[in-house]
file input_33.csv (CSV, N, CA and C atoms)
chain,number,residue,atom,x,y,z
A,1,LYS,N,-94.8,43.4,235.2
A,1,LYS,CA,-94.0,42.2,235.2
A,1,LYS,C,-92.5,42.5,235.1
A,2,ILE,N,-92.2,43.5,234.3
A,2,ILE,CA,-90.8,43.8,234.1
A,2,ILE,C,-90.2,44.3,235.4
A,3,VAL,N,-90.9,45.1,236.1
A,3,VAL,CA,-90.3,45.6,237.4
A,3,VAL,C,-90.1,44.5,238.3
A,4,ASP,N,-91.0,43.5,238.4
A,4,ASP,CA,-90.8,42.3,239.2
A,4,ASP,C,-89.6,41.5,238.8
A,5,THR,N,-89.5,41.4,237.5
A,5,THR,CA,-88.4,40.6,236.9
A,5,THR,C,-87.0,41.2,237.3
A,6,VAL,N,-86.9,42.5,237.1
A,6,VAL,CA,-85.7,43.2,237.5
A,6,VAL,C,-85.4,43.1,239.0
A,7,ALA,N,-86.4,43.3,239.8
A,7,ALA,CA,-86.2,43.1,241.2
A,7,ALA,C,-85.7,41.7,241.6
A,8,ALA,N,-86.2,40.7,240.9
A,8,ALA,CA,-85.7,39.3,241.2
A,8,ALA,C,-84.3,39.2,240.6
A,9,LEU,N,-84.0,39.7,239.5
A,9,LEU,CA,-82.7,39.6,238.9
A,9,LEU,C,-81.6,40.3,239.8
A,10,GLU,N,-82.0,41.4,240.4
A,10,GLU,CA,-81.0,42.2,241.1
A,10,GLU,C,-81.0,41.8,242.6
A,11,ALA,N,-81.8,40.9,243.0
A,11,ALA,CA,-81.9,40.6,244.5
A,11,ALA,C,-80.6,40.1,245.0
A,12,ALA,N,-79.9,39.2,244.3
A,12,ALA,CA,-78.6,38.7,244.8
A,12,ALA,C,-77.6,39.8,244.9
A,13,ARG,N,-77.5,40.7,243.9
A,13,ARG,CA,-76.6,41.8,244.0
A,13,ARG,C,-76.9,42.7,245.1
A,14,ALA,N,-78.2,43.0,245.3
A,14,ALA,CA,-78.6,43.8,246.5
A,14,ALA,C,-78.2,43.2,247.8
A,15,LYS,N,-78.4,41.9,247.9
A,15,LYS,CA,-78.0,41.2,249.1
A,15,LYS,C,-76.5,41.2,249.4
A,16,GLN,N,-75.8,41.0,248.3
A,16,GLN,CA,-74.3,41.0,248.4
A,16,GLN,C,-73.8,42.4,248.8
A,17,SER,N,-74.5,43.5,248.3
A,17,SER,CA,-74.1,44.8,248.6
A,17,SER,C,-74.7,45.3,249.9
A,18,ARG,N,-75.5,44.5,250.5
A,18,ARG,CA,-76.3,44.8,251.8
A,18,ARG,C,-77.2,46.0,251.6
A,19,ILE,N,-77.9,46.0,250.4
A,19,ILE,CA,-78.8,47.1,250.1
A,19,ILE,C,-80.2,46.4,250.0
A,20,THR,N,-81.1,47.1,250.6
A,20,THR,CA,-82.5,46.7,250.5
A,20,THR,C,-83.1,47.3,249.2
A,21,LEU,N,-83.6,46.5,248.3
A,21,LEU,CA,-84.2,47.0,247.1
A,21,LEU,C,-85.7,47.0,247.3
A,22,ALA,N,-86.3,48.2,247.6
A,22,ALA,CA,-87.7,48.3,247.9
A,22,ALA,C,-88.5,48.6,246.6
A,23,VAL,N,-89.6,47.9,246.4
A,23,VAL,CA,-90.4,48.1,245.2
A,23,VAL,C,-91.8,48.5,245.5
A,24,ALA,N,-92.2,49.6,245.0
A,24,ALA,CA,-93.6,50.1,245.2
A,24,ALA,C,-94.2,50.3,243.8
A,25,LYS,N,-95.3,49.6,243.5
A,25,LYS,CA,-95.8,49.7,242.1
A,25,LYS,C,-97.3,49.7,242.2
A,26,CYS,N,-97.9,50.3,241.1
A,26,CYS,CA,-99.3,50.3,240.9
A,26,CYS,C,-99.8,48.9,240.5
A,27,ASP,N,-101.1,48.7,240.5
A,27,ASP,CA,-101.6,47.4,240.1
A,27,ASP,C,-101.3,47.0,238.7
A,28,HIS,N,-101.4,48.0,237.8
A,28,HIS,CA,-101.4,47.6,236.4
A,28,HIS,C,-100.9,48.8,235.5
A,29,ALA,N,-99.9,48.5,234.7
A,29,ALA,CA,-99.4,49.5,233.8
A,29,ALA,C,-98.9,48.8,232.6
A,30,VAL,N,-99.5,49.1,231.4
A,30,VAL,CA,-99.1,48.4,230.2
A,30,VAL,C,-98.5,49.4,229.2
A,31,VAL,N,-97.3,49.2,228.7
A,31,VAL,CA,-96.8,50.0,227.7
A,31,VAL,C,-96.5,49.1,226.5
A,32,ASN,N,-96.5,49.8,225.3
A,32,ASN,CA,-96.1,49.0,224.1
A,32,ASN,C,-94.5,49.1,223.9
A,33,GLY,N,-93.9,48.0,223.6
A,33,GLY,CA,-92.5,48.1,223.5
A,33,GLY,C,-91.8,46.7,223.6
A,34,ASP,N,-90.5,46.8,223.4
A,34,ASP,CA,-89.7,45.6,223.5
A,34,ASP,C,-89.4,45.3,225.0
A,35,PRO,N,-89.9,44.2,225.5
A,35,PRO,CA,-89.7,43.9,227.0
A,35,PRO,C,-88.3,43.8,227.4
A,36,HIS,N,-87.4,43.3,226.5
A,36,HIS,CA,-86.0,43.1,226.8
A,36,HIS,C,-85.3,44.5,226.9
A,37,LEU,N,-85.7,45.4,226.0
A,37,LEU,CA,-85.1,46.8,226.1
A,37,LEU,C,-85.6,47.5,227.3
A,38,LEU,N,-86.9,47.4,227.6
A,38,LEU,CA,-87.4,48.0,228.8
A,38,LEU,C,-86.9,47.5,230.1
A,39,GLU,N,-86.6,46.2,230.1
A,39,GLU,CA,-85.9,45.6,231.2
A,39,GLU,C,-84.5,46.1,231.4
A,40,GLN,N,-83.8,46.3,230.3
A,40,GLN,CA,-82.5,46.9,230.3
A,40,GLN,C,-82.5,48.3,230.9
A,41,VAL,N,-83.5,49.1,230.6
A,41,VAL,CA,-83.6,50.4,231.2
A,41,VAL,C,-83.6,50.3,232.7
A,42,ILE,N,-84.5,49.5,233.2
A,42,ILE,CA,-84.6,49.4,234.7
A,42,ILE,C,-83.3,48.8,235.3
A,43,VAL,N,-82.8,47.8,234.7
A,43,VAL,CA,-81.5,47.2,235.2
A,43,VAL,C,-80.4,48.2,235.2
A,44,ASN,N,-80.3,49.0,234.1
A,44,ASN,CA,-79.2,50.0,234.1
A,44,ASN,C,-79.4,51.0,235.3
A,45,LEU,N,-80.6,51.5,235.5
A,45,LEU,CA,-80.9,52.4,236.5
A,45,LEU,C,-80.6,51.8,237.9
A,46,VAL,N,-81.1,50.6,238.1
A,46,VAL,CA,-80.9,50.0,239.4
A,46,VAL,C,-79.4,49.7,239.7
A,47,GLU,N,-78.7,49.2,238.7
A,47,GLU,CA,-77.3,48.9,238.9
A,47,GLU,C,-76.5,50.2,239.2
A,48,ASN,N,-76.9,51.3,238.5
A,48,ASN,CA,-76.3,52.6,238.7
A,48,ASN,C,-76.6,53.0,240.2
A,49,ALA,N,-77.8,52.8,240.6
A,49,ALA,CA,-78.2,53.2,242.0
A,49,ALA,C,-77.4,52.4,243.0
A,50,PHE,N,-77.2,51.1,242.8
A,50,PHE,CA,-76.3,50.3,243.7
A,50,PHE,C,-74.9,50.9,243.7
A,51,ARG,N,-74.4,51.2,242.6
A,51,ARG,CA,-73.0,51.7,242.5
A,51,ARG,C,-72.8,53.0,243.2
A,52,TYR,N,-73.8,53.9,243.2
A,52,TYR,CA,-73.6,55.2,243.8
A,52,TYR,C,-74.3,55.4,245.1
A,53,SER,N,-75.1,54.4,245.6
A,53,SER,CA,-75.8,54.5,246.8
A,53,SER,C,-74.8,54.6,248.0
A,54,GLY,N,-75.1,55.5,248.9
A,54,GLY,CA,-74.2,55.6,250.1
A,54,GLY,C,-74.9,55.1,251.3
A,55,THR,N,-76.1,54.5,251.0
A,55,THR,CA,-76.9,53.9,252.1
A,55,THR,C,-77.2,52.5,251.8
A,56,ASP,N,-78.1,51.9,252.6
A,56,ASP,CA,-78.5,50.5,252.4
A,56,ASP,C,-79.8,50.4,251.8
A,57,ARG,N,-80.2,51.4,251.0
A,57,ARG,CA,-81.5,51.3,250.4
A,57,ARG,C,-81.6,51.9,249.0
A,58,VAL,N,-82.3,51.2,248.1
A,58,VAL,CA,-82.6,51.7,246.7
A,58,VAL,C,-84.0,51.4,246.5
A,59,ASP,N,-84.8,52.4,246.0
A,59,ASP,CA,-86.2,52.3,245.7
A,59,ASP,C,-86.5,52.2,244.2
A,60,ILE,N,-87.4,51.4,243.9
A,60,ILE,CA,-88.0,51.4,242.5
A,60,ILE,C,-89.5,51.7,242.7
A,61,ALA,N,-90.0,52.6,242.0
A,61,ALA,CA,-91.5,52.9,242.0
A,61,ALA,C,-92.1,52.9,240.6
A,62,LEU,N,-93.3,52.4,240.5
A,62,LEU,CA,-94.0,52.4,239.2
A,62,LEU,C,-95.4,53.0,239.5
A,63,SER,N,-95.7,54.0,238.8
A,63,SER,CA,-97.0,54.7,238.9
A,63,SER,C,-97.5,55.0,237.5
A,64,THR,N,-98.8,55.4,237.5
A,64,THR,CA,-99.4,55.9,236.2
A,64,THR,C,-100.1,57.2,236.5
A,65,ASP,N,-100.0,58.1,235.5
A,65,ASP,CA,-100.7,59.4,235.6
A,65,ASP,C,-100.7,60.0,234.2
A,66,SER,N,-101.8,60.6,233.9
A,66,SER,CA,-102.0,61.4,232.6
A,66,SER,C,-101.5,60.6,231.4
A,67,GLY,N,-101.8,59.3,231.3
A,67,GLY,CA,-101.5,58.5,230.2
A,67,GLY,C,-100.1,58.0,230.1
A,68,LEU,N,-99.3,58.2,231.2
A,68,LEU,CA,-97.9,57.8,231.3
A,68,LEU,C,-97.7,56.8,232.4
A,69,ALA,N,-96.8,55.8,232.1
A,69,ALA,CA,-96.2,55.0,233.1
A,69,ALA,C,-94.9,55.7,233.6
A,70,ARG,N,-94.8,55.8,234.9
A,70,ARG,CA,-93.6,56.4,235.4
A,70,ARG,C,-92.8,55.4,236.3
A,71,ILE,N,-91.6,55.1,235.9
A,71,ILE,CA,-90.7,54.2,236.6
A,71,ILE,C,-89.6,55.1,237.2
A,72,SER,N,-89.5,55.1,238.5
A,72,SER,CA,-88.4,55.9,239.1
A,72,SER,C,-87.6,55.0,240.0
A,73,VAL,N,-86.3,55.3,240.0
A,73,VAL,CA,-85.3,54.6,240.8
A,73,VAL,C,-84.6,55.6,241.6
A,74,THR,N,-84.6,55.4,242.9
A,74,THR,CA,-84.0,56.4,243.8
A,74,THR,C,-82.9,55.8,244.6
A,75,ASP,N,-81.7,56.4,244.7
A,75,ASP,CA,-80.7,56.1,245.6
A,75,ASP,C,-80.4,57.2,246.6
A,76,TYR,N,-79.9,56.9,247.7
A,76,TYR,CA,-79.7,57.9,248.8
A,76,TYR,C,-78.2,58.0,249.0
A,77,GLY,N,-77.5,58.3,248.0
A,77,GLY,CA,-76.1,58.4,248.0
A,77,GLY,C,-75.4,59.7,247.8
A,78,ILE,N,-74.4,59.7,247.0
A,78,ILE,CA,-73.5,60.9,246.9
A,78,ILE,C,-74.2,62.0,246.1
A,79,GLY,N,-75.1,61.7,245.3
A,79,GLY,CA,-75.8,62.7,244.4
A,79,GLY,C,-74.9,63.0,243.3
A,80,ILE,N,-75.5,63.9,242.4
A,80,ILE,CA,-74.8,64.4,241.2
A,80,ILE,C,-74.7,65.9,241.3
A,81,PRO,N,-73.5,66.4,241.1
A,81,PRO,CA,-73.3,67.8,241.1
A,81,PRO,C,-74.2,68.5,240.0
A,82,ALA,N,-74.7,69.7,240.3
A,82,ALA,CA,-75.6,70.4,239.4
A,82,ALA,C,-74.9,70.6,238.0
A,83,GLU,N,-73.6,70.9,238.0
A,83,GLU,CA,-72.9,71.1,236.8
A,83,GLU,C,-72.8,69.9,235.9
A,84,SER,N,-73.0,68.7,236.5
A,84,SER,CA,-72.9,67.5,235.7
A,84,SER,C,-74.3,67.0,235.1
A,85,LEU,N,-75.4,67.5,235.7
A,85,LEU,CA,-76.7,67.1,235.3
A,85,LEU,C,-77.0,67.2,233.8
A,86,PRO,N,-76.6,68.3,233.2
A,86,PRO,CA,-76.9,68.4,231.7
A,86,PRO,C,-76.1,67.4,230.9
A,87,HIS,N,-75.1,66.8,231.4
A,87,HIS,CA,-74.3,65.9,230.6
A,87,HIS,C,-74.4,64.4,230.9
A,88,ILE,N,-75.1,64.0,231.9
A,88,ILE,CA,-75.1,62.6,232.3
A,88,ILE,C,-75.7,61.6,231.3
A,89,PHE,N,-76.5,62.1,230.4
A,89,PHE,CA,-77.1,61.2,229.5
A,89,PHE,C,-76.3,61.1,228.2
A,90,LYS,N,-75.2,61.8,228.1
A,90,LYS,CA,-74.3,61.7,226.9
A,90,LYS,C,-73.4,60.5,227.0
A,91,ARG,N,-73.2,59.9,225.9
A,91,ARG,CA,-72.3,58.7,225.8
A,91,ARG,C,-70.9,59.0,226.4
A,92,PHE,N,-70.4,58.1,227.2
A,92,PHE,CA,-69.1,58.1,227.8
A,92,PHE,C,-68.9,59.2,228.8
A,93,TYR,N,-69.9,59.9,229.2
A,93,TYR,CA,-69.8,61.0,230.2
A,93,TYR,C,-69.9,60.3,231.6
A,94,ARG,N,-69.0,60.6,232.4
A,94,ARG,CA,-69.0,60.1,233.8
A,94,ARG,C,-68.7,61.2,234.7
A,95,VAL,N,-69.4,61.2,235.8
A,95,VAL,CA,-69.1,62.2,236.9
A,95,VAL,C,-67.8,61.7,237.4
A,96,ASP,N,-66.8,62.6,237.7
A,96,ASP,CA,-65.5,62.2,238.2
A,96,ASP,C,-65.6,61.3,239.4
A,97,SER,N,-65.6,60.0,239.3
A,97,SER,CA,-65.6,59.1,240.4
A,97,SER,C,-64.9,57.8,240.0
A,98,LYS,N,-63.6,57.9,239.9
A,98,LYS,CA,-62.8,56.8,239.5
A,98,LYS,C,-63.0,55.5,240.3
A,99,GLU,N,-63.3,55.7,241.6
A,99,GLU,CA,-63.4,54.5,242.5
A,99,GLU,C,-64.6,53.7,242.2
A,100,VAL,N,-65.6,54.3,241.5
A,100,VAL,CA,-66.9,53.6,241.2
A,100,VAL,C,-66.8,52.8,239.9
A,101,GLY,N,-66.1,53.3,239.0
A,101,GLY,CA,-66.0,52.6,237.7
A,101,GLY,C,-67.2,52.8,236.8
A,102,GLY,N,-67.2,52.0,235.7
A,102,GLY,CA,-68.3,52.2,234.7
A,102,GLY,C,-67.7,52.8,233.4
A,103,THR,N,-68.5,52.6,232.4
A,103,THR,CA,-68.1,53.1,231.0
A,103,THR,C,-68.7,54.4,230.6
A,104,GLY,N,-69.7,54.9,231.3
A,104,GLY,CA,-70.4,56.1,230.9
A,104,GLY,C,-71.4,55.8,229.8
A,105,LEU,N,-71.8,54.6,229.6
A,105,LEU,CA,-72.8,54.3,228.6
A,105,LEU,C,-74.2,54.0,229.1
A,106,GLY,N,-74.3,53.5,230.3
A,106,GLY,CA,-75.6,53.1,230.9
A,106,GLY,C,-76.7,54.1,230.8
A,107,LEU,N,-76.5,55.3,231.2
A,107,LEU,CA,-77.5,56.3,231.1
A,107,LEU,C,-77.8,56.8,229.7
A,108,ALA,N,-76.8,56.8,228.8
A,108,ALA,CA,-77.1,57.1,227.4
A,108,ALA,C,-78.0,56.0,226.8
A,109,ILE,N,-77.8,54.8,227.2
A,109,ILE,CA,-78.6,53.7,226.7
A,109,ILE,C,-80.0,53.8,227.2
A,110,VAL,N,-80.2,54.2,228.5
A,110,VAL,CA,-81.5,54.4,229.1
A,110,VAL,C,-82.2,55.5,228.3
A,111,LYS,N,-81.6,56.6,228.0
A,111,LYS,CA,-82.2,57.7,227.3
A,111,LYS,C,-82.6,57.3,225.9
A,112,HIS,N,-81.8,56.6,225.2
A,112,HIS,CA,-82.1,56.2,223.8
A,112,HIS,C,-83.3,55.1,223.8
A,113,ILE,N,-83.3,54.2,224.7
A,113,ILE,CA,-84.4,53.3,224.7
A,113,ILE,C,-85.7,54.0,225.1
A,114,ALA,N,-85.6,54.9,226.0
A,114,ALA,CA,-86.9,55.6,226.4
A,114,ALA,C,-87.4,56.4,225.2
A,115,ILE,N,-86.5,57.1,224.5
A,115,ILE,CA,-86.9,57.8,223.3
A,115,ILE,C,-87.5,56.9,222.2
A,116,LEU,N,-86.8,55.8,222.0
A,116,LEU,CA,-87.3,54.8,221.0
A,116,LEU,C,-88.7,54.3,221.3
A,117,HIS,N,-89.1,54.3,222.6
A,117,HIS,CA,-90.4,53.9,223.0
A,117,HIS,C,-91.4,55.1,223.2
A,118,GLY,N,-91.0,56.2,222.7
A,118,GLY,CA,-91.9,57.4,222.8
A,118,GLY,C,-91.9,58.1,224.1
A,119,GLY,N,-90.9,57.8,224.9
A,119,GLY,CA,-90.8,58.3,226.3
A,119,GLY,C,-89.7,59.3,226.5
A,120,ASN,N,-89.4,59.4,227.8
A,120,ASN,CA,-88.3,60.3,228.2
A,120,ASN,C,-87.7,59.9,229.5
A,121,VAL,N,-86.6,60.4,229.8
A,121,VAL,CA,-85.9,60.1,231.1
A,121,VAL,C,-85.5,61.4,231.7
A,122,SER,N,-85.6,61.6,233.0
A,122,SER,CA,-85.1,62.8,233.7
A,122,SER,C,-84.5,62.4,235.0
A,123,VAL,N,-83.8,63.4,235.6
A,123,VAL,CA,-83.1,63.1,236.8
A,123,VAL,C,-83.3,64.4,237.7
A,124,GLN,N,-83.4,64.1,239.0
A,124,GLN,CA,-83.3,65.1,240.0
A,124,GLN,C,-82.3,64.6,241.1
A,125,SER,N,-81.4,65.5,241.5
A,125,SER,CA,-80.4,65.1,242.4
A,125,SER,C,-80.1,66.2,243.4
A,126,THR,N,-79.9,65.8,244.6
A,126,THR,CA,-79.4,66.7,245.7
A,126,THR,C,-78.1,66.0,246.2
A,127,PRO,N,-77.0,66.6,245.9
A,127,PRO,CA,-75.7,66.0,246.4
A,127,PRO,C,-75.7,65.8,247.9
A,128,GLY,N,-75.3,64.6,248.3
A,128,GLY,CA,-75.3,64.2,249.7
A,128,GLY,C,-76.6,63.7,250.2
A,129,ASP,N,-77.6,63.7,249.4
A,129,ASP,CA,-78.9,63.3,249.8
A,129,ASP,C,-79.5,62.1,249.0
A,130,LYS,N,-79.9,62.4,247.8
A,130,LYS,CA,-80.5,61.4,246.9
A,130,LYS,C,-80.5,61.8,245.5
A,131,THR,N,-80.7,60.8,244.6
A,131,THR,CA,-80.8,61.0,243.2
A,131,THR,C,-82.0,60.1,242.8
A,132,VAL,N,-82.9,60.8,241.9
A,132,VAL,CA,-84.1,60.1,241.4
A,132,VAL,C,-84.0,60.2,239.9
A,133,PHE,N,-84.0,59.0,239.3
A,133,PHE,CA,-84.1,58.9,237.8
A,133,PHE,C,-85.6,58.5,237.5
A,134,THR,N,-86.2,59.2,236.6
A,134,THR,CA,-87.6,58.8,236.2
A,134,THR,C,-87.7,58.6,234.8
A,135,VAL,N,-88.2,57.5,234.4
A,135,VAL,CA,-88.5,57.2,233.0
A,135,VAL,C,-90.0,57.2,232.8
A,136,GLU,N,-90.5,58.0,231.8
A,136,GLU,CA,-91.9,58.1,231.5
A,136,GLU,C,-92.1,57.5,230.1
A,137,LEU,N,-93.1,56.6,230.1
A,137,LEU,CA,-93.4,55.9,228.8
A,137,LEU,C,-94.9,56.0,228.6
A,138,PRO,N,-95.4,56.2,227.4
A,138,PRO,CA,-96.8,56.3,227.2
A,138,PRO,C,-97.5,54.9,227.5
A,139,LEU,N,-98.6,55.0,228.1
A,139,LEU,CA,-99.4,53.8,228.4
A,139,LEU,C,-100.0,53.3,227.1
A,140,ALA,N,-100.2,51.9,227.0
A,140,ALA,CA,-100.8,51.3,225.8
A,140,ALA,C,-102.3,51.7,225.7
call {"tool": "encode", "arguments": {"input": "input_33.csv", "output": "structure tokens"}}
result
Amino acid sequence: KIVDTVAALEAARAKQSRITLAVAKCDHAVVNGDPHLLEQVIVNLVENAFRYSGTDRVDIALSTDSGLARISVTDYGIGIPAESLPHIFKRFYRVDSKEVGGTGLGLAIVKHIAILHGGNVSVQSTPGDKTVFTVELPLA
């Protein structure tokens, strides 16, 4: 339900930015936690993807495996340089991109909410190709 809620909340922004927000999800994934905080996690990742996407597509995927719910958000934009990857979840850290803006807090918030819920967040990025953020949370 939270993935659907975020997709609906972000639909206007996606349309305004001429980005297709594609959602692929499994039938059922239940995690214990605060729905507002978990919604914030996905909103932060989607809005980050919109900000950095160099194409007209952002994907959200929800799957389950080995007792975990995995939520991934993929953008097909500028990517993150390898030297920045160890730092992007730190408060106020921003990859040098003044034209994009932001405070450098969104990913730190994502990380702390994931940890609060017994989960984790990771990133894989290929500069000039795509970036995938994945949040793993224990299933209820």
call {"tool": "select_by_dssp", "arguments": {"input": "input_33.csv", "residues": "range 15-106 of chain A", "states": "helix (DSSP H, G or I)", "output": "VMD selection string"}}
result
chain A and resid 15 to 16 35 to 52 85 to 87 106
call {"tool": "atom_distance", "arguments": {"input": "input_33.csv", "atom1": "atom N of Ile2 in chain A", "atom2": "atom C of Thr55 in chain A"}}
result
24.7 Å
call {"tool": "closest_residue", "arguments": {"input": "input_33.csv", "among": "A:Val58, A:Leu137, A:Ser63, A:Val6", "to": "Cys26 in chain A", "atoms": "only N, CA and C atoms"}}
result
A:Ser63
call {"tool": "closest_residue", "arguments": {"input": "input_33.csv", "among": "A:Ile78, A:Leu62, A:Val135, A:Ala49", "to": "Asn120 in chain A", "atoms": "only C-alpha atoms"}}
result
A:Val135
call {"tool": "closest_residue", "arguments": {"input": "input_33.csv", "among": "A:Glu10, A:Glu83, A:Ala114, A:Tyr76", "to": "Ser53 in chain A", "atoms": "all atoms listed in the file"}}
result
A:Tyr76
call {"tool": "residues_around", "arguments": {"input": "input_33.csv", "residues": "Val3 in chain A", "least_positions_apart": "2", "cutoff": "10 Å", "atoms": "only C-alpha atoms", "output": "PyMOL selection string"}}
result
chain A and resi 1+5-9+23-25+38-39+42-43+60-62+71
call {"tool": "residues_near_point", "arguments": {"input": "input_33.csv", "point": "(-96.7, 51.6, 230.9)", "cutoff": "6.5 Å", "atoms": "all atoms listed in the file", "output": "list in words"}}
result
Ala29, Val30, Val31, Asn32, Leu68, Ala69, Arg70, Leu137, Pro138, Leu139 and Ala140 of chain A
call {"tool": "residues_near_point", "arguments": {"input": "input_33.csv", "point": "(-85.3, 59.3, 240.4)", "cutoff": "5 Å", "atoms": "only N, CA and C atoms", "output": "PDB file with N, CA and C atoms, keeping the file's coordinate frame"}}
result
ATOM      1  N   SER A  72     -89.500  55.100 238.500  1.00  0.00           N
ATOM      2  CA  SER A  72     -88.400  55.900 239.100  1.00  0.00           C
ATOM      3  C   SER A  72     -87.600  55.000 240.000  1.00  0.00           C
ATOM      4  N   VAL A  73     -86.300  55.300 240.000  1.00  0.00           N
ATOM      5  CA  VAL A  73     -85.300  54.600 240.800  1.00  0.00           C
ATOM      6  C   VAL A  73     -84.600  55.600 241.600  1.00  0.00           C
ATOM      7  N   THR A  74     -84.600  55.400 242.900  1.00  0.00           N
ATOM      8  CA  THR A  74     -84.000  56.400 243.800  1.00  0.00           C
ATOM      9  C   THR A  74     -82.900  55.800 244.600  1.00  0.00           C
ATOM     10  N   THR A 131     -80.700  60.800 244.600  1.00  0.00           N
ATOM     11  CA  THR A 131     -80.800  61.000 243.200  1.00  0.00           C
ATOM     12  C   THR A 131     -82.000  60.100 242.800  1.00  0.00           C
ATOM     13  N   VAL A 132     -82.900  60.800 241.900  1.00  0.00           N
ATOM     14  CA  VAL A 132     -84.100  60.100 241.400  1.00  0.00           C
ATOM     15  C   VAL A 132     -84.000  60.200 239.900  1.00  0.00           C
ATOM     16  N   PHE A 133     -84.000  59.000 239.300  1.00  0.00           N
ATOM     17  CA  PHE A 133     -84.100  58.900 237.800  1.00  0.00           C
ATOM     18  C   PHE A 133     -85.600  58.500 237.500  1.00  0.00           C
ATOM     19  N   THR A 134     -86.200  59.200 236.600  1.00  0.00           N
ATOM     20  CA  THR A 134     -87.600  58.800 236.200  1.00  0.00           C
ATOM     21  C   THR A 134     -87.700  58.600 234.800  1.00  0.00           C
TER      22      THR A 134
END
call {"tool": "atom_distance", "arguments": {"input": "input_33.csv", "atom1": "atom N of Ile80 in chain A", "atom2": "atom C of Asp129 in chain A"}}
result
7.9 Å
call {"tool": "atom_distance", "arguments": {"input": "input_33.csv", "atom1": "atom N of Val41 in chain A", "atom2": "atom C of Asp75 in chain A"}}
result
18.2 Å
call {"tool": "closest_residue", "arguments": {"input": "input_33.csv", "among": "A:Asp34, A:Glu47, A:Asp56, A:Asp4", "to": "Arg18 in chain A", "atoms": "only N, CA and C atoms"}}
result
A:Asp56
call {"tool": "select_by_dssp", "arguments": {"input": "input_33.csv", "residues": "range 4-68 of chain A", "states": "strand (DSSP E or B)", "output": "number ranges by chain"}}
result
A: 20-25, 31, 57-65, 68
